[in-house]
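Enquirer: My structure file coords26.txt, compact mmCIF, C-alpha atoms, is below:
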# COMPACT_ATOMS: atom_id res chain seq x y z
CA MET A 25 16.57 7.07 30.70
CA ASN A 26 19.97 6.27 32.16
CA PRO A 27 22.17 9.41 31.77
CA GLU A 28 25.14 7.19 30.96
CA ILE A 29 23.34 6.15 27.80
CA GLN A 30 21.32 9.30 27.21
CA PHE A 31 24.16 11.85 26.92
CA PRO A 32 26.39 9.79 24.61
CA GLN A 33 23.26 9.23 22.51
CA ILE A 34 22.72 13.00 22.28
CA ALA A 35 26.38 13.50 21.35
CA MET A 36 26.12 10.79 18.69
CA ARG A 37 23.03 12.36 17.18
CA ILE A 38 24.77 15.75 16.99
CA ILE A 39 27.94 14.34 15.41
CA ARG A 40 25.95 12.30 12.86
CA GLU A 41 23.89 15.34 11.90
CA GLN A 42 27.01 17.46 11.50
CA GLU A 43 28.58 14.65 9.46
CA LEU A 44 25.73 14.93 6.95
CA ILE A 45 26.70 18.56 6.40
CA ILE A 46 30.49 18.71 6.75
CA GLY A 47 31.48 15.07 6.32
CA PRO A 48 34.23 13.32 8.35
CA LEU A 49 35.34 16.70 9.67
CA ALA A 50 32.48 16.37 12.16
CA TRP A 51 34.37 13.49 13.81
CA ASP A 52 37.67 15.35 13.83
CA GLU A 53 36.04 18.24 15.67
CA ALA A 54 34.30 15.92 18.13
CA ARG A 55 37.66 14.33 19.02
CA LYS A 56 38.90 17.76 20.12
CA VAL A 57 36.25 17.99 22.84
CA GLN A 58 37.66 17.22 26.24
CA GLY A 59 35.82 14.43 28.04
CA LEU A 60 34.38 12.93 24.86
CA ASN A 61 35.91 9.73 23.50
CA VAL A 62 35.20 8.46 20.02
CA ILE A 63 35.30 4.67 20.41
CA ASP A 64 34.29 3.63 16.91
CA GLN A 65 33.53 6.14 14.17
CA LYS A 66 32.12 3.52 11.78
CA LYS A 67 29.72 2.03 14.30
CA GLY A 68 29.07 5.44 15.79
CA GLU A 69 30.15 4.74 19.35
CA VAL A 70 31.20 7.44 21.77
CA SER A 71 31.71 7.48 25.52
CA PHE A 72 31.99 10.18 28.16
CA GLN A 73 34.82 10.36 30.65
CA ASN A 74 33.82 10.99 34.22
CA GLY A 75 32.68 14.53 34.57
CA ASP A 76 29.81 16.81 33.83
CA SER A 77 27.98 15.24 30.86
CA LYS A 78 25.89 18.35 30.24
CA ASN A 79 29.07 20.37 30.05
CA ILE A 80 30.61 17.96 27.55
CA ILE A 81 27.57 18.36 25.28
CA ASP A 82 27.82 22.15 25.61
CA LYS A 83 31.49 21.98 24.64
CA LEU A 84 30.69 19.82 21.61
CA VAL A 85 28.04 22.29 20.41
CA ALA A 86 30.46 25.19 21.00
CA GLN A 87 33.21 23.38 19.08
CA TYR A 88 31.07 23.33 15.96
CA GLU A 89 29.72 26.85 16.50
CA ARG A 90 33.21 28.29 16.88
CA ILE A 91 34.12 27.19 13.36
CA PHE A 92 30.82 27.02 11.49
CA GLY A 93 28.76 29.71 13.17
CA LYS A 94 25.24 30.01 14.50
CA ALA A 95 23.71 27.82 11.81
CA SER A 96 25.63 24.85 13.19
CA HIS A 97 24.30 25.55 16.70
CA GLU A 98 20.75 25.45 15.33
CA VAL A 99 21.50 22.14 13.59
CA CYS A 100 22.67 20.65 16.91
CA ARG A 101 19.52 21.80 18.66
CA GLU A 102 17.15 20.55 15.95
CA SER A 103 18.82 17.16 15.70
CA VAL A 104 18.07 16.20 19.31
CA GLN A 105 14.58 17.66 19.74
CA ASP A 106 12.95 14.27 20.28
CA LEU A 107 15.63 13.18 22.76
CA ILE A 108 15.48 16.27 24.97
CA ALA A 109 11.68 16.25 24.91
CA GLU A 110 11.87 13.24 27.23
CA MET A 111 14.18 15.00 29.71
CA SER A 112 13.30 17.28 32.58
CA PRO A 113 14.30 20.94 31.85
CA ASP A 114 17.15 20.95 34.38
CA GLU A 115 18.71 17.89 32.76
CA VAL A 116 18.91 19.53 29.31
CA PRO A 117 22.33 21.05 28.48
CA SER A 118 22.00 24.83 28.26
CA SER A 119 23.22 24.91 24.63
CA LEU A 120 20.27 22.79 23.57
CA ARG A 121 17.54 24.67 25.37
CA MET B 18 49.91 44.85 -13.48
CA SER B 19 50.34 43.30 -10.05
CA ASN B 20 47.56 41.99 -7.87
CA THR B 21 48.22 43.21 -4.37
CA ASN B 22 45.36 41.15 -2.90
CA ALA B 23 46.87 37.89 -4.12
CA ASN B 24 49.61 37.80 -1.48
CA LYS B 25 47.61 39.35 1.30
CA PRO B 26 46.99 36.77 4.06
CA ILE B 27 43.35 36.09 4.79
CA SER B 28 42.26 37.42 8.16
CA SER B 29 40.71 35.10 10.71
CA GLU B 30 37.48 37.05 10.42
CA GLU B 31 37.37 36.56 6.65
CA TYR B 32 38.23 32.90 7.11
CA LYS B 33 35.36 32.49 9.56
CA LYS B 34 32.98 34.20 7.14
CA VAL B 35 33.97 31.87 4.32
CA THR B 36 33.69 28.80 6.54
CA GLU B 37 30.27 29.83 7.81
CA LYS B 38 29.04 30.48 4.28
CA MET B 39 30.31 27.10 3.17
CA TYR B 40 28.54 25.49 6.11
CA THR B 41 25.23 27.18 5.26
CA GLN B 42 25.51 26.01 1.65
CA ASN B 43 26.30 22.47 2.77
CA LEU B 44 23.39 22.60 5.17
CA GLU B 45 21.05 23.50 2.32
CA LEU B 46 22.43 20.59 0.29
CA ALA B 47 22.02 18.22 3.23
CA ARG B 48 18.39 19.31 3.63
CA LEU B 49 17.73 18.74 -0.07
CA TYR B 50 19.41 15.35 0.17
CA LYS B 51 17.15 14.42 3.09
CA GLU B 52 14.08 15.48 1.13
CA VAL B 53 15.12 13.42 -1.90
CA ASP B 54 15.91 10.47 0.33
CA HIS B 55 12.50 10.77 1.99
CA LEU B 56 10.73 10.96 -1.39
CA SER B 57 12.71 7.98 -2.64
CA LYS B 58 11.62 5.93 0.41
CA GLN B 59 8.01 7.00 -0.10
CA ARG B 60 8.24 5.92 -3.70
CA GLU B 61 9.68 2.57 -2.74
CA SER B 62 6.84 2.01 -0.32
CA LEU B 63 4.32 3.01 -3.02
CA MET B 64 5.91 0.53 -5.44
CA HIS B 65 5.66 -2.16 -2.79
CA LEU B 66 1.98 -1.33 -2.28
CA ILE B 67 1.29 -1.40 -6.02
CA ASN B 68 3.07 -4.72 -6.43
CA HIS B 69 1.48 -6.52 -3.52
CA LYS B 70 -1.93 -4.94 -3.06
CA VAL B 71 -3.02 -3.52 -6.40
CA LYS B 72 -1.52 -6.27 -8.56
CA GLY B 73 -2.81 -8.81 -6.05
CA ALA B 74 -6.34 -7.43 -6.38
CA PHE B 75 -6.17 -7.64 -10.19
CA THR B 76 -4.84 -11.18 -10.03
CA HIS B 77 -7.61 -12.19 -7.65
CA SER B 78 -10.40 -10.84 -9.85
CA LYS B 79 -8.70 -12.34 -12.91
CA TYR B 80 -8.93 -15.72 -11.19
CA ILE B 81 -12.66 -15.16 -10.57
CA PHE B 82 -13.36 -14.14 -14.19
CA ALA B 83 -11.32 -17.09 -15.48
CA GLY B 84 -13.33 -19.38 -13.17
CA ILE B 85 -16.60 -18.02 -14.56
CA LEU B 86 -15.39 -18.62 -18.12
CA ASP B 87 -14.09 -22.17 -17.57
CA GLY B 88 -17.30 -23.29 -15.86
CA THR B 89 -15.96 -23.54 -12.28
CA PHE B 90 -19.05 -21.71 -11.02
CA GLY B 91 -21.53 -23.58 -13.22
CA GLU B 92 -23.09 -22.88 -16.57
CA ILE B 93 -23.24 -19.29 -17.77
CA ASN B 94 -25.24 -17.51 -20.44
CA GLU B 95 -23.81 -15.56 -23.38
CA GLU B 96 -24.19 -12.15 -21.69
CA ILE B 97 -22.24 -13.25 -18.60
CA ARG B 98 -19.57 -14.84 -20.83
CA LYS B 99 -19.18 -11.53 -22.68
CA ARG B 100 -18.89 -9.56 -19.43
CA ALA B 101 -16.43 -12.03 -17.92
CA GLU B 102 -14.25 -11.82 -21.03
CA GLN B 103 -14.29 -8.03 -20.78
CA GLY B 104 -13.36 -8.29 -17.09
CA LEU B 105 -10.49 -10.65 -17.88
CA ASP B 106 -9.19 -8.30 -20.59
CA SER B 107 -9.41 -5.35 -18.26
CA ASP B 108 -7.50 -7.23 -15.53
CA ASP B 109 -4.81 -8.22 -18.04
CA THR B 110 -4.40 -4.58 -19.05
CA GLY B 111 -4.17 -3.57 -15.39
CA ILE B 112 -1.54 -6.20 -14.60
CA LYS B 113 0.45 -5.28 -17.72
CA THR B 114 0.40 -1.60 -16.74
CA ILE B 115 1.58 -2.37 -13.22
CA ASP B 116 4.40 -4.56 -14.57
CA LEU B 117 5.45 -1.73 -16.87
CA ILE B 118 5.65 0.76 -14.02
CA LEU B 119 7.44 -1.68 -11.70
CA ASN B 120 9.90 -2.62 -14.45
CA ALA B 121 10.69 1.03 -15.07
CA ALA B 122 11.26 1.58 -11.34
CA ASN B 123 13.49 -1.49 -11.08
CA LEU B 124 15.45 -0.56 -14.21
CA GLN B 125 15.97 2.93 -12.87
CA LYS B 126 17.13 1.75 -9.45
CA GLY B 127 19.54 -0.71 -11.04
CA PHE B 128 17.71 -3.70 -9.53
CA ILE B 129 17.67 -5.41 -12.94
CA LYS B 130 20.76 -7.47 -13.57
CA TYR B 131 21.38 -7.73 -17.29
CA GLU B 132 22.82 -10.96 -18.60
CA MET B 133 25.10 -9.59 -21.27
CA LYS B 134 25.75 -12.33 -23.81
CA PRO B 135 26.23 -12.37 -27.58
CA ALA B 136 22.69 -12.17 -29.00
CA ASP B 137 21.20 -12.04 -32.47
CA PHE B 138 19.31 -8.75 -32.63
CA GLU B 139 17.65 -9.74 -35.92
CA ASN B 140 16.18 -12.77 -34.17
CA ILE B 141 14.96 -10.59 -31.28
CA VAL B 142 13.27 -8.12 -33.66
CA SER B 143 11.78 -10.95 -35.76
CA LYS B 144 10.24 -12.59 -32.70
CA SER B 145 8.72 -9.32 -31.57
CA TYR B 146 7.44 -8.65 -35.11
CA SER B 147 5.80 -12.11 -35.31
CA GLU B 148 4.08 -11.59 -31.95
CA LYS B 149 2.77 -8.11 -32.77
CA LYS B 150 1.76 -8.86 -36.37
CA VAL B 151 -1.53 -10.44 -35.30
CA PRO B 152 -2.81 -7.56 -33.11
CA ALA B 153 -1.67 -5.02 -35.73
CA GLU B 154 -3.51 -6.79 -38.54
CA LYS B 155 -6.54 -7.32 -36.31
CA LYS B 156 -6.66 -3.53 -36.02
CA GLY B 157 -6.55 -3.25 -39.81
CA LEU B 158 -2.96 -2.01 -40.01
CA ALA B 159 -0.44 -3.21 -42.56
CA ILE B 160 2.83 -4.28 -40.98
CA GLU B 161 6.11 -5.35 -42.58
CA MET B 162 9.68 -6.00 -41.65
CA ASN B 163 12.75 -5.51 -43.82
CA THR B 164 16.24 -6.59 -42.95
CA GLY B 165 19.42 -5.55 -44.70
CA ASP B 166 22.29 -7.90 -45.49
CA GLY B 167 24.74 -9.07 -42.88
CA THR B 168 24.64 -10.24 -39.31
CA TYR B 169 23.21 -8.36 -36.35
CA SER B 170 25.05 -9.69 -33.34
CA VAL B 171 25.05 -7.55 -30.23
CA LEU B 172 26.29 -8.01 -26.69
CA GLY B 173 23.18 -7.78 -24.60
CA ASP B 174 20.35 -9.29 -22.65
CA ALA B 175 17.94 -10.77 -25.21
CA PHE B 176 14.98 -10.64 -22.81
CA TRP B 177 15.25 -6.93 -22.09
CA LEU B 178 16.16 -5.98 -25.66
CA LYS B 179 12.99 -7.76 -26.77
CA GLU B 180 11.04 -5.82 -24.15
CA ALA B 181 12.38 -2.60 -25.67
CA VAL B 182 11.47 -3.60 -29.23
CA ASN B 183 8.05 -4.87 -28.07
CA ASN B 184 7.41 -1.55 -26.45
CA LEU B 185 8.15 0.46 -29.58
CA LEU B 186 5.97 -1.86 -31.67
CA GLU B 187 3.08 -1.82 -29.20
CA ASN B 188 3.23 1.98 -29.13
CA SER B 189 3.11 2.17 -32.91
CA ILE B 190 0.08 -0.10 -32.97
CA LYS B 191 -1.68 1.84 -30.23
CA TYR B 192 -1.08 5.28 -31.73
CA THR B 193 -1.82 4.38 -35.36
CA LYS B 194 -5.48 4.35 -36.35
CA THR B 195 -5.01 3.61 -40.04
CA GLY B 196 -2.14 2.93 -42.38
CA GLU B 197 1.01 0.94 -41.80
CA ILE B 198 3.94 0.12 -39.59
CA LYS B 199 7.34 -0.59 -41.10
CA LEU B 200 10.25 -2.13 -39.26
CA ASN B 201 13.62 -1.73 -40.85
CA LEU B 202 16.81 -3.31 -39.60
CA GLU B 203 20.05 -2.26 -41.21
CA LYS B 204 23.72 -1.50 -40.69
CA LYS B 205 24.53 2.18 -40.87
CA ASP B 206 27.85 3.89 -40.17
CA GLY B 207 29.12 0.74 -38.51
CA LYS B 208 26.15 0.53 -36.13
CA ILE B 209 23.01 -1.58 -36.01
CA LEU B 210 19.97 0.58 -36.63
CA LEU B 211 16.37 -0.44 -36.07
CA SER B 212 13.61 1.91 -37.13
CA VAL B 213 9.93 1.54 -36.40
CA LYS B 214 7.97 3.83 -38.68
CA ASP B 215 4.24 4.38 -38.40
CA THR B 216 1.51 6.51 -39.92
CA GLY B 217 0.09 7.36 -36.48
CA ILE B 218 -0.75 10.50 -34.55
CA GLY B 219 2.79 11.86 -34.73
CA ILE B 220 4.60 13.87 -32.07
CA SER B 221 4.87 17.62 -31.60
CA GLU B 222 8.23 19.28 -30.92
CA GLU B 223 7.09 20.03 -27.36
CA ASP B 224 6.19 16.39 -26.64
CA LYS B 225 9.48 15.11 -28.04
CA LYS B 226 11.29 16.80 -25.15
CA ASN B 227 9.76 14.70 -22.39
CA LEU B 228 8.74 11.57 -24.28
CA PHE B 229 11.59 9.45 -22.88
CA THR B 230 11.37 10.80 -19.34
CA GLU B 231 9.74 9.15 -16.34
CA GLY B 232 5.96 9.53 -16.65
CA GLY B 233 6.47 11.63 -19.80
CA ARG B 234 3.50 11.28 -22.09
CA GLY B 235 2.61 13.13 -25.23
CA LYS B 236 -0.13 15.74 -24.70
CA ASP B 237 -2.57 13.90 -26.96
CA SER B 238 -1.45 10.37 -26.16
CA VAL B 239 -4.20 9.79 -23.57
CA LYS B 240 -6.86 10.70 -26.14
CA THR B 241 -5.69 7.82 -28.32
CA ASN B 242 -4.54 5.44 -25.60
CA VAL B 243 -6.35 5.81 -22.28
CA ASP B 244 -3.98 3.27 -20.70
CA SER B 245 -0.89 5.36 -21.44
CA THR B 246 1.39 5.27 -18.38
CA GLY B 247 4.31 7.34 -19.57
CA TYR B 248 6.68 4.58 -18.43
CA GLY B 249 7.01 2.56 -21.64
CA LEU B 250 9.44 4.76 -23.55
CA TYR B 251 11.25 5.61 -20.34
CA SER B 252 11.92 1.87 -19.89
CA VAL B 253 13.08 1.60 -23.51
CA LYS B 254 15.57 4.40 -22.91
CA LEU B 255 16.91 2.79 -19.72
CA ILE B 256 17.29 -0.60 -21.43
CA VAL B 257 18.93 0.75 -24.59
CA GLU B 258 21.31 2.99 -22.67
CA ALA B 259 22.30 0.06 -20.43
CA HIS B 260 23.36 -1.59 -23.71
CA LYS B 261 25.42 1.50 -24.59
CA GLY B 262 22.98 2.29 -27.37
CA LYS B 263 20.81 5.23 -28.33
CA VAL B 264 17.08 5.67 -28.78
CA TRP B 265 15.36 8.63 -30.36
CA VAL B 266 12.31 9.67 -32.31
CA GLU B 267 11.71 11.66 -35.46
CA SER B 268 8.35 13.06 -36.44
CA GLU B 269 7.30 15.90 -38.67
CA GLY B 270 4.57 16.79 -36.22
CA GLN B 271 1.10 15.88 -35.13
CA GLY B 272 -0.83 13.70 -37.57
CA LYS B 273 2.32 13.00 -39.59
CA GLY B 274 3.45 9.69 -38.12
CA SER B 275 6.60 8.91 -36.17
CA THR B 276 9.77 6.92 -36.57
CA PHE B 277 11.48 5.53 -33.49
CA TYR B 278 15.11 4.45 -33.71
CA ILE B 279 17.28 2.11 -31.67
CA GLU B 280 20.98 2.15 -32.41
CA LEU B 281 23.28 -0.54 -31.00
CA GLU B 282 26.95 -1.45 -31.23
CA PRO B 283 27.52 -4.64 -33.26
CA VAL B 284 29.88 -7.35 -32.06
CA ASN B 285 31.69 -9.86 -34.25
In structure tokens, how does this file's structure come out?
Expert:
Amino acid sequence: MNPEIQFPQIAMRIIREQELIIGPLAWDEARKVQGLNVIDQKKGEVSFQNGDSKNIIDKLVAQYERIFGKASHEVCRESVQDLIAEMSPDEVPSSLR
Amino acid sequence: MSNTNANKPISSEEYKKVTEKMYTQNLELARLYKEVDHLSKQRESLMHLINHKVKGAFTHSKYIFAGILDGTFGEINEEIRKRAEQGLDSDDTGIKTIDLILNAANLQKGFIKYEMKPADFENIVSKSYSEKKVPAEKKGLAIEMNTGDGTYSVLGDAFWLKEAVNNLLENSIKYTKTGEIKLNLEKKDGKILLSVKDTGIGISEEDKKNLFTEGGRGKDSVKTNVDSTGYGLYSVKLIVEAHKGKVWVESEGQGKGSTFYIELEPVN
């Protein structure tokens, strides 16, 4: 899959899953991640600024973990299992391995 | 006595602990929500299957039995006529049961839109009584209806209120082997009160608890009525409560008959 679509899709999945648990706060925290732009919260559209996409995902996972602990890291990992299964191991962000 | 802890600022470590605990609790809730959502979708798909496949199969065989009886497939002897009539009856019972379950599911999900209009509850009860008098008497039961003075106007959906009354009456007929059924409509404490009293199998204290719940049947109900679904009284409750009314049952126990009540707000 095209990485330009794939990584924002992973980020979206993570934010949506966190939203189920902590509500709109999940979006507030995502907005704090450098390199990640929330285009439309309602439609669920995000984009990545030029840079290391894997690193942006790692920063998003860390953002949640910093506040909500290890359980939130596990939630991120579980939520994208099917998406990362299609990726080669070196493409997978280290936080999701 | 002063509380020294009250003014003490919370440390960042304590704050993190609280936040993490809150997250874990929310996570548990989210997982439960997902499970419920999944079950609800499964149920919806089951209802769809029942409506389209099972009811469709009953309707198809009903058409065949009806064709046999009306001579579509040629002349038939007495034995085949008898069997076809039994088949038709059995299909009707099956279709009625499916409708009952689907109605309960639709009532519960709020898919039923009530047309709330001024309606004459006495008229609704009378119609139901007239319809059920024949099957009750055919079974050898005495049945009577008494109405107190005054008017019995309610704000409600006449179709669904009749369904509720029908259901109580049908139950009384099904669960009463001998004796009588008495309907009484009166005004009590400013409310409209309908009671359906029978000399049937009665209800134990234990059964009373889940009688109006989804799928809640009395322990012995299946012995008397093999077609019991446990959705009839549940539907009655949903309908009556949608009309801001109350439904309940009184019984002195097994073998001592039951009285079901529907209480509604009158309108002028």
Enquirer: Any chance you could tabulate, as JSON lines, the residues of chain A at most 8 Å from chain B with each one's nearest atom pair and distance in Å to one decimal, using all atoms listed in the file, in chain and rising number order?
Expert:
{"residue": "A:Leu44", "atom": "CA", "partner": "B:Ala47", "partner_atom": "CA", "distance": 6.2}
{"residue": "A:Ile45", "atom": "CA", "partner": "B:Asn43", "partner_atom": "CA", "distance": 5.4}
{"residue": "A:Ile46", "atom": "CA", "partner": "B:Asn43", "partner_atom": "CA", "distance": 6.9}
{"residue": "A:Ile91", "atom": "CA", "partner": "B:Lys33", "partner_atom": "CA", "distance": 6.6}
{"residue": "A:Phe92", "atom": "CA", "partner": "B:Glu37", "partner_atom": "CA", "distance": 4.7}
{"residue": "A:Gly93", "atom": "CA", "partner": "B:Glu37", "partner_atom": "CA", "distance": 5.6}
{"residue": "A:Ala95", "atom": "CA", "partner": "B:Thr41", "partner_atom": "CA", "distance": 6.8}
{"residue": "A:Ser96", "atom": "CA", "partner": "B:Tyr40", "partner_atom": "CA", "distance": 7.7}
Enquirer: From the options A:Ile80, A:Glu102, A:His97, A:Ile108, which residue's atoms come nearest to Val57 in chain A, counting all atoms listed in the file?
Expert: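 Of A:Ile80, A:Glu102, A:His97, A:Ile108, the one nearest Val57 in chain A is A:Ile80, counting all atoms listed in the file.
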Enquirer: Which residues, written as a JSON list (two decimals) with C-alpha atoms, in the coordinates of the input, have at least one atom at most 12 Å from Val116 in chain A, with all atoms listed in the file counted and residues fewer than 2 positions away on the same chain left out?
Expert:
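Result written to selection.json:
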[["chain", "number", "residue", "atom", "x", "y", "z"],
["A", 27, "PRO", "CA", 22.17, 9.41, 31.77],
["A", 30, "GLN", "CA", 21.32, 9.30, 27.21],
["A", 31, "PHE", "CA", 24.16, 11.85, 26.92],
["A", 34, "ILE", "CA", 22.72, 13.00, 22.28],
["A", 77, "SER", "CA", 27.98, 15.24, 30.86],
["A", 78, "LYS", "CA", 25.89, 18.35, 30.24],
["A", 79, "ASN", "CA", 29.07, 20.37, 30.05],
["A", 80, "ILE", "CA", 30.61, 17.96, 27.55],
["A", 81, "ILE", "CA", 27.57, 18.36, 25.28],
["A", 82, "ASP", "CA", 27.82, 22.15, 25.61],
["A", 101, "ARG", "CA", 19.52, 21.80, 18.66],
["A", 104, "VAL", "CA", 18.07, 16.20, 19.31],
["A", 105, "GLN", "CA", 14.58, 17.66, 19.74],
["A", 107, "LEU", "CA", 15.63, 13.18, 22.76],
["A", 108, "ILE", "CA", 15.48, 16.27, 24.97],
["A", 109, "ALA", "CA", 11.68, 16.25, 24.91],
["A", 110, "GLU", "CA", 11.87, 13.24, 27.23],
["A", 111, "MET", "CA", 14.18, 15.00, 29.71],
["A", 112, "SER", "CA", 13.30, 17.28, 32.58],
["A", 113, "PRO", "CA", 14.30, 20.94, 31.85],
["A", 114, "ASP", "CA", 17.15, 20.95, 34.38],
["A", 118, "SER", "CA", 22.00, 24.83, 28.26],
["A", 119, "SER", "CA", 23.22, 24.91, 24.63],
["A", 120, "LEU", "CA", 20.27, 22.79, 23.57],
["A", 121, "ARG", "CA", 17.54, 24.67, 25.37]]
Enquirer: Give me, as a list in words, all polymer residues having an atom no more than 10 Å from Pro48 in chain A, counting all atoms listed in the file and skipping those fewer than 6 positions away in the same chain.
Expert: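 Non-adjacent residues within range: Ile39, Arg40, Gln42 and Gln65 of chain A.
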Enquirer: I need the residue nearest Glu203 in chain B from this list: B:Ile81, B:Ile129, B:Leu281, B:Ile256. Use only C-alpha atoms for the distance.
Expert: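 Closest to Glu203 in chain B, using only C-alpha atoms: B:Leu281.
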Enquirer: Nearest to Lys72 in chain B: which of B:Gly167, B:Gly207, B:Gly111, B:Gly272 is it, counting only C-alpha atoms?
Expert: B:Gly111
Enquirer: Identify which of the residues A:Ile29, A:Trp51, A:Val99, A:Gln87 lies closest to Ile63 in chain A, counting all atoms listed in the file when measuring atom-to-atom distances.
Expert: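 Nearest to Ile63 in chain A: A:Trp51.
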Enquirer: Using all atoms listed in the file, which protein or nucleic acid residues come within 6 Å of Ala136 in chain B? Drop anything in the same chain fewer than 2 positions from it, and give the result as a list in words.
Expert: Ser170, Val171 and Leu172 of chain B
Enquirer: Report, in Å to a single decimal, how far apart CA of Lys156 in chain B and CA of Glu102 in chain B are.
Expert: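 So the two atoms, CA of Glu102 in chain B and CA of Lys156 in chain B, lie 18.7 Å apart.
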Enquirer: Pick out the residues sitting within 9 Å of Phe138 in chain B, and hand them over as a PyMOL selection string; count all atoms listed in the file, and ignore anything fewer than 5 positions along from it in its own chain.
Expert: chain B and resi 143+168-171+173+175+178-179+209
